[in-house]
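Heads up, run_15.pdb below (PDB, C-alpha atoms and all ligand atoms):
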ATOM      1  CA  MET A  30      98.552  47.256 120.444
ATOM      2  CA  SER A  31      96.351  44.202 120.078
ATOM      3  CA  GLU A  32      93.243  46.306 119.854
ATOM      4  CA  ASP A  33      94.753  48.462 117.087
ATOM      5  CA  LEU A  34      95.457  45.451 114.946
ATOM      6  CA  LEU A  35      91.975  44.045 115.471
ATOM      7  CA  GLU A  36      90.575  47.423 114.501
ATOM      8  CA  THR A  37      92.562  47.383 111.286
ATOM      9  CA  LEU A  38      91.268  43.885 110.618
ATOM     10  CA  ALA A  39      87.742  45.110 111.293
ATOM     11  CA  SER A  40      88.205  48.035 108.917
ATOM     12  CA  HIS A  41      88.631  45.533 106.064
ATOM     13  CA  ARG A  42      85.431  43.746 107.170
ATOM     14  CA  LEU A  43      86.556  40.483 105.565
ATOM     15  CA  VAL A  44      89.141  37.881 106.508
ATOM     16  CA  PRO A  45      89.959  35.426 103.726
ATOM     17  CA  VAL A  46      90.611  31.984 105.219
ATOM     18  CA  VAL A  47      93.371  30.458 103.147
ATOM     19  CA  VAL A  48      94.457  26.825 102.891
ATOM     20  CA  LEU A  49      97.774  26.440 101.078
ATOM     21  CA  ASP A  50      99.103  22.985 100.280
ATOM     22  CA  ASP A  51     102.232  24.476  98.770
ATOM     23  CA  ALA A  52     104.043  27.531 100.120
ATOM     24  CA  GLY A  53     105.072  28.154  96.515
ATOM     25  CA  ASP A  54     101.533  29.443  95.923
ATOM     26  CA  ALA A  55     101.726  32.013  98.734
ATOM     27  CA  ALA A  56     103.279  34.867  96.727
ATOM     28  CA  GLY A  57     100.728  34.611  93.916
ATOM     29  CA  LEU A  58      97.868  34.341  96.350
ATOM     30  CA  ALA A  59      98.981  37.397  98.313
ATOM     31  CA  GLU A  60      99.296  39.336  95.067
ATOM     32  CA  ALA A  61      95.756  38.289  94.082
ATOM     33  CA  LEU A  62      94.302  39.411  97.410
ATOM     34  CA  VAL A  63      96.061  42.770  97.151
ATOM     35  CA  ALA A  64      94.887  43.147  93.528
ATOM     36  CA  GLY A  65      91.364  42.365  94.714
ATOM     37  CA  GLY A  66      91.533  45.139  97.286
ATOM     38  CA  LEU A  67      91.752  42.945 100.367
ATOM     39  CA  PRO A  68      95.274  42.865 101.830
ATOM     40  CA  VAL A  69      94.333  40.375 104.553
ATOM     41  CA  ALA A  70      94.964  36.622 104.889
ATOM     42  CA  GLU A  71      94.357  34.037 107.569
ATOM     43  CA  VAL A  72      96.641  31.177 106.601
ATOM     44  CA  THR A  73      95.469  28.011 108.296
ATOM     45  CA  PHE A  74      97.681  25.511 110.049
ATOM     46  CA  ARG A  75      95.707  22.712 108.407
ATOM     47  CA  THR A  76      98.657  22.122 106.128
ATOM     48  CA  SER A  77     102.355  21.830 106.803
ATOM     49  CA  ALA A  78     102.994  24.686 104.362
ATOM     50  CA  ALA A  79     101.371  27.221 106.716
ATOM     51  CA  ALA A  80     104.427  28.636 108.497
ATOM     52  CA  GLU A  81     106.451  29.008 105.316
ATOM     53  CA  ALA A  82     103.489  30.569 103.505
ATOM     54  CA  ILE A  83     103.004  33.053 106.346
ATOM     55  CA  ALA A  84     106.689  33.977 106.152
ATOM     56  CA  VAL A  85     106.424  34.622 102.405
ATOM     57  CA  ILE A  86     103.335  36.811 102.811
ATOM     58  CA  ALA A  87     104.671  38.626 105.890
ATOM     59  CA  LYS A  88     107.812  39.591 103.996
ATOM     60  CA  ARG A  89     105.723  41.737 101.603
ATOM     61  CA  GLY A  90     104.842  44.054 104.477
ATOM     62  CA  ASP A  91     101.526  45.175 102.982
ATOM     63  CA  VAL A  92      99.265  42.248 103.919
ATOM     64  CA  LEU A  93      97.719  41.732 107.337
ATOM     65  CA  VAL A  94      98.677  38.095 107.665
ATOM     66  CA  GLY A  95      97.586  35.858 110.502
ATOM     67  CA  ALA A  96      97.589  32.176 111.331
ATOM     68  CA  GLY A  97      94.350  30.201 111.469
ATOM     69  CA  THR A  98      93.381  26.811 112.874
ATOM     70  CA  VAL A  99      95.993  27.246 115.607
ATOM     71  CA  LEU A 100      95.327  24.434 118.058
ATOM     72  CA  ASN A 101      98.294  24.450 120.413
ATOM     73  CA  VAL A 102     101.141  26.483 121.867
ATOM     74  CA  GLN A 103     103.701  25.025 119.485
ATOM     75  CA  GLN A 104     101.728  26.307 116.515
ATOM     76  CA  VAL A 105     101.442  29.733 118.168
ATOM     77  CA  ASP A 106     105.226  29.846 118.400
ATOM     78  CA  GLU A 107     105.701  28.650 114.823
ATOM     79  CA  ALA A 108     103.225  31.205 113.530
ATOM     80  CA  PHE A 109     104.763  34.032 115.552
ATOM     81  CA  GLU A 110     108.258  33.181 114.371
ATOM     82  CA  ALA A 111     107.050  33.073 110.787
ATOM     83  CA  GLY A 112     105.723  36.621 111.135
ATOM     84  CA  ALA A 113     102.012  36.112 111.759
ATOM     85  CA  GLN A 114     100.397  39.278 113.115
ATOM     86  CA  TYR A 115      97.419  37.577 114.743
ATOM     87  CA  ILE A 116      96.337  34.110 115.766
ATOM     88  CA  VAL A 117      92.948  32.517 115.110
ATOM     89  CA  SER A 118      91.704  29.356 116.810
ATOM     90  CA  PRO A 119      88.552  27.367 116.107
ATOM     91  CA  GLY A 120      87.951  26.935 119.838
ATOM     92  CA  LEU A 121      88.958  28.501 123.127
ATOM     93  CA  SER A 122      92.225  27.027 124.392
ATOM     94  CA  GLU A 123      93.486  28.756 127.511
ATOM     95  CA  ALA A 124      97.017  27.593 126.731
ATOM     96  CA  VAL A 125      96.865  29.154 123.259
ATOM     97  CA  VAL A 126      95.385  32.405 124.566
ATOM     98  CA  HIS A 127      97.961  32.656 127.352
ATOM     99  CA  ARG A 128     100.864  32.086 124.995
ATOM    100  CA  CYS A 129      99.555  34.762 122.617
ATOM    101  CA  GLN A 130      99.209  37.156 125.526
ATOM    102  CA  GLU A 131     102.775  36.391 126.606
ATOM    103  CA  LEU A 132     103.998  37.128 123.094
ATOM    104  CA  GLY A 133     101.760  40.186 122.741
ATOM    105  CA  ILE A 134     100.104  38.890 119.584
ATOM    106  CA  PRO A 135      96.337  39.410 119.156
ATOM    107  CA  VAL A 136      94.303  36.230 119.399
ATOM    108  CA  LEU A 137      90.828  35.426 118.152
ATOM    109  CA  PRO A 138      89.635  32.200 119.762
ATOM    110  CA  GLY A 139      86.408  30.537 118.791
ATOM    111  CA  ALA A 140      83.495  31.001 121.216
ATOM    112  CA  VAL A 141      79.890  30.197 120.398
ATOM    113  CA  THR A 142      78.209  29.708 123.773
ATOM    114  CA  ALA A 143      77.562  32.083 126.662
ATOM    115  CA  THR A 144      79.972  30.048 128.782
ATOM    116  CA  GLU A 145      82.770  30.216 126.216
ATOM    117  CA  ILE A 146      82.281  33.942 125.711
ATOM    118  CA  THR A 147      82.357  34.466 129.475
ATOM    119  CA  ARG A 148      85.649  32.577 129.637
ATOM    120  CA  ALA A 149      87.068  34.729 126.819
ATOM    121  CA  LEU A 150      86.061  37.877 128.723
ATOM    122  CA  GLU A 151      87.678  36.517 131.879
ATOM    123  CA  MET A 152      90.868  36.099 129.890
ATOM    124  CA  GLY A 153      90.750  39.765 128.915
ATOM    125  CA  LEU A 154      89.495  39.340 125.352
ATOM    126  CA  LYS A 155      86.845  41.488 123.711
ATOM    127  CA  THR A 156      86.653  39.888 120.270
ATOM    128  CA  VAL A 157      85.938  36.235 119.519
ATOM    129  CA  LYS A 158      85.582  34.129 116.424
ATOM    130  CA  PHE A 159      82.088  32.685 116.083
ATOM    131  CA  PHE A 160      82.769  29.316 114.493
ATOM    132  CA  PRO A 161      81.276  27.364 112.785
ATOM    133  CA  ALA A 162      78.883  30.264 112.288
ATOM    134  CA  GLU A 163      76.093  28.810 110.213
ATOM    135  CA  THR A 164      75.726  25.558 112.129
ATOM    136  CA  SER A 165      76.034  27.344 115.481
ATOM    137  CA  GLY A 166      72.883  29.347 114.951
ATOM    138  CA  GLY A 167      74.124  31.943 112.479
ATOM    139  CA  ALA A 168      73.371  35.629 112.706
ATOM    140  CA  ALA A 169      70.336  35.009 114.933
ATOM    141  CA  ALA A 170      72.519  33.343 117.576
ATOM    142  CA  ILE A 171      75.070  36.175 117.486
ATOM    143  CA  LYS A 172      72.282  38.712 117.841
ATOM    144  CA  ALA A 173      70.888  36.862 120.872
ATOM    145  CA  LEU A 174      74.328  36.565 122.482
ATOM    146  CA  SER A 175      75.086  40.238 121.923
ATOM    147  CA  ALA A 176      72.282  41.208 124.326
ATOM    148  CA  PRO A 177      74.010  39.957 127.500
ATOM    149  CA  PHE A 178      77.494  40.467 126.048
ATOM    150  CA  GLY A 179      77.146  44.080 124.991
ATOM    151  CA  GLY A 180      80.820  44.921 124.533
ATOM    152  CA  VAL A 181      81.832  41.761 122.697
ATOM    153  CA  LYS A 182      82.706  41.806 119.002
ATOM    154  CA  PHE A 183      82.261  38.715 116.856
ATOM    155  CA  VAL A 184      84.078  37.474 113.765
ATOM    156  CA  PRO A 185      81.700  34.860 112.349
ATOM    157  CA  THR A 186      83.263  32.270 110.068
ATOM    158  CA  GLY A 187      82.090  28.984 108.634
ATOM    159  CA  GLY A 188      79.428  28.604 105.981
ATOM    160  CA  ILE A 189      79.314  32.290 105.103
ATOM    161  CA  GLY A 190      79.336  33.449 101.489
ATOM    162  CA  GLN A 191      77.689  35.830  99.071
ATOM    163  CA  LYS A 192      74.240  34.364  99.768
ATOM    164  CA  ASN A 193      74.126  35.070 103.507
ATOM    165  CA  ILE A 194      76.809  37.641 104.295
ATOM    166  CA  ALA A 195      74.273  40.477 104.530
ATOM    167  CA  GLU A 196      72.651  38.910 107.623
ATOM    168  CA  TYR A 197      75.961  39.153 109.451
ATOM    169  CA  LEU A 198      76.938  42.572 108.124
ATOM    170  CA  ALA A 199      73.687  43.937 109.512
ATOM    171  CA  LEU A 200      74.831  43.248 113.080
ATOM    172  CA  GLU A 201      76.791  45.999 114.786
ATOM    173  CA  CYS A 202      78.576  43.502 117.042
ATOM    174  CA  VAL A 203      80.097  41.794 113.990
ATOM    175  CA  SER A 204      83.470  43.409 113.423
ATOM    176  CA  ALA A 205      84.578  41.290 110.483
ATOM    177  CA  ILE A 206      83.537  38.159 108.617
ATOM    178  CA  GLY A 207      85.778  35.229 107.807
ATOM    179  CA  GLY A 208      85.416  32.887 104.906
ATOM    180  CA  SER A 209      87.096  30.930 102.202
ATOM    181  CA  TRP A 210      84.721  31.611  99.335
ATOM    182  CA  MET A 211      87.020  34.190  97.689
ATOM    183  CA  VAL A 212      89.999  31.815  97.827
ATOM    184  CA  PRO A 213      88.740  28.382  96.694
ATOM    185  CA  LYS A 214      91.326  25.717  97.355
ATOM    186  CA  ASP A 215      91.223  24.317  93.829
ATOM    187  CA  MET A 216      91.862  27.761  92.338
ATOM    188  CA  VAL A 217      94.853  28.215  94.627
ATOM    189  CA  ARG A 218      96.177  24.790  93.672
ATOM    190  CA  THR A 219      95.821  25.540  89.968
ATOM    191  CA  GLN A 220      97.167  29.074  90.446
ATOM    192  CA  LYS A 221      94.105  30.806  89.012
ATOM    193  CA  PHE A 222      95.159  34.029  90.663
ATOM    194  CA  ASP A 223      93.273  36.330  88.283
ATOM    195  CA  GLU A 224      90.069  34.521  89.177
ATOM    196  CA  ILE A 225      90.860  34.748  92.875
ATOM    197  CA  ALA A 226      91.487  38.477  92.474
ATOM    198  CA  GLN A 227      88.075  38.821  90.796
ATOM    199  CA  LEU A 228      86.278  36.813  93.500
ATOM    200  CA  THR A 229      88.013  38.985  96.081
ATOM    201  CA  ARG A 230      86.949  42.169  94.261
ATOM    202  CA  ASP A 231      83.354  40.878  94.217
ATOM    203  CA  ALA A 232      83.496  40.080  97.936
ATOM    204  CA  VAL A 233      84.868  43.518  98.756
ATOM    205  CA  ALA A 234      82.149  45.160  96.641
ATOM    206  CA  LEU A 235      79.520  43.222  98.581
ATOM    207  CA  VAL A 236      80.848  44.517 101.870
ATOM    208  CA  ARG A 237      81.131  48.095 100.630
ATOM    209  CA  LYS A 238      77.525  48.101  99.410
ATOM    210  CA  ASP A 239      76.232  47.545 102.941
TER
HETATM  211  C1  LIG A 301      87.547  28.473 109.029
HETATM  212  O1  LIG A 301      88.506  27.786 109.312
HETATM  213  O2  LIG A 301      87.392  29.575 109.555
HETATM  214  C2  LIG A 301      86.521  27.932 108.118
HETATM  215  O3  LIG A 301      86.859  26.690 107.625
HETATM  216  C3  LIG A 301      86.173  28.822 106.985
HETATM  217  O4  LIG A 301      84.877  28.492 106.721
HETATM  218  P1  LIG A 301      84.293  28.432 105.255
HETATM  219  O5  LIG A 301      85.252  27.580 104.475
HETATM  220  O6  LIG A 301      82.942  27.812 105.403
HETATM  221  O7  LIG A 301      84.233  29.846 104.726
END
Let me see the structure of the file written as structure tokens.
Amino acid sequence: MSEDLLETLASHRLVPVVVLDDAGDAAGLAEALVAGGLPVAEVTFRTSAAAEAIAVIAKRGDVLVGAGTVLNVQQVDEAFEAGAQYIVSPGLSEAVVHRCQELGIPVLPGAVTATEITRALEMGLKTVKFFPAETSGGAAAIKALSAPFGGVKFVPTGGIGQKNIAEYLALECVSAIGGSWMVPKDMVRTQKFDEIAQLTRDAVALVRKD
């Protein structure tokens, strides 16, 4: 079941990384993403509004909502209870991965070195987040790593936007790309949902062109 969900995520090609200070903005944000043609959201646990925001978005039923910046088992549990469909971590925590596996929820841990990717494989994972992508060597590093790790899929995130997304899209081992450029924090805070919908539409168009 995990693999199916990751495939659906991959079919959208983009994962908007969302930081919500106020769960009251979650409904409008979800609507904007759907209007922009991208019914996907990774709501990060960088704010205390995350679990409530995930619950609001999950209730819609038409958005693939996950939890990001999950650093420990407690946050896995909170996210799962709130209705998150997948868990994303900046690094590789065995405790986080194990708990996700116990719960049967797909997990995308961060892995940017050969050693970290090996560990992810040993834990039964086939897809990892490559974070922070740009400062970890970017598309060139992913390409180099994909030679020894033929079956691994990468979800690069961190420093990716309209200017450099094409480099990542060109790699077959990249299943999806994460980023926050279509959901700027200040626009969320000021509820500029029409503008977010337009940025999302532009991002989707970029992906479709390739
Ligand atoms: C993440 O948590 O995945 C990143 O902060 C998103 O990176 P970006 O803001 O550079 O797109």
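This file, filtered with the PyMOL selection byres (((not hetatm)) within 6 of (chain A and resi 301)), gives the residues Val46, Thr186, Gly187, Gly188, Ile189, Gly208, Ser209 and Trp210 of chain A.
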Take the residues from that selection and write them out as a compact mmCIF listing (two decimals), keeping the file's coordinate frame, keeping C-alpha atoms.
# COMPACT_ATOMS: atom_id res chain seq x y z
CA VAL A 46 90.61 31.98 105.22
CA THR A 186 83.26 32.27 110.07
CA GLY A 187 82.09 28.98 108.63
CA GLY A 188 79.43 28.60 105.98
CA ILE A 189 79.31 32.29 105.10
CA GLY A 208 85.42 32.89 104.91
CA SER A 209 87.10 30.93 102.20
CA TRP A 210 84.72 31.61 99.34
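Straight-line separation from CA of Ala84 (chain A) to CA of Lys158 (chain A): 23.5 Å.
Here CA of Asp51 (chain A) stands at a distance of 25.2 Å from CA of Leu38 (chain A).
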Can you list, as a ChimeraX atom specification, the residues that the PyMOL selection byres (((chain A and resi 109) around 9) and not hetatm) selects here? /A:80,95-96,104-108,110-116,129,132,134
Distance criterion (only C-alpha atoms): nearest to Arg128 (chain A) out of A:Ile171, A:Leu34, A:Leu62, A:Val102: A:Val102
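Those residues returned by the PyMOL selection byres (((chain A and resi 174) around 10) and not hetatm) for this file are Val141, Thr142, Ala143, Ile146, Ala168, Ala169, Ala170, Ile171, Lys172, Ala173, Ser175, Ala176, Pro177, Phe178, Gly179, Val181, Phe183 and Cys202 of chain A.
Put simply, CA of Tyr197 (chain A) is 25.1 Å away from CA of Ala61 (chain A).
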Min atom-atom distance to Gly166 (chain A) from the set A:Met152, A:Val126, A:Thr229, A:Pro185, counting all atoms listed in the file, belongs to A:Pro185
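Nearest-residue note for His127 (chain A): choosing from A:Asp54, A:Glu151, A:Glu81, A:Glu145, the minimum distance belongs to A:Glu151, counting all atoms listed in the file.
Across A:Gly133, A:Pro45, A:Gly53, A:Gly65, the tightest approach to Thr219 (chain A) is made by A:Gly53 when counting only C-alpha atoms.
Minimum atom-to-atom distances from A:Leu58, A:Glu224, A:Asn101, A:Val136 to Val157 (chain A) were compared using all atoms listed in the file, and the lowest value belongs to A:Val136.
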Considering all atoms listed in the file, can you say which of A:Val85, A:Met216, A:Leu43, A:Ala59 comes closest to Asp231 (chain A)? A:Leu43
So that I can check the surroundings of Val94 (chain A), please list as a VMD selection string every protein, DNA and RNA residue that reaches within 7 Å of it, counting all atoms listed in the file and ignoring chain neighbours fewer than 5 positions away. chain A and resid 69 to 71 83 86 to 87 113 to 114
Who sits within 9 Å of Lys214 (chain A), all atoms listed in the file, same chain under 4 positions skipped, as JSON, numbers by chain: {"A": [47, 48, 49, 50, 209, 218, 219]}
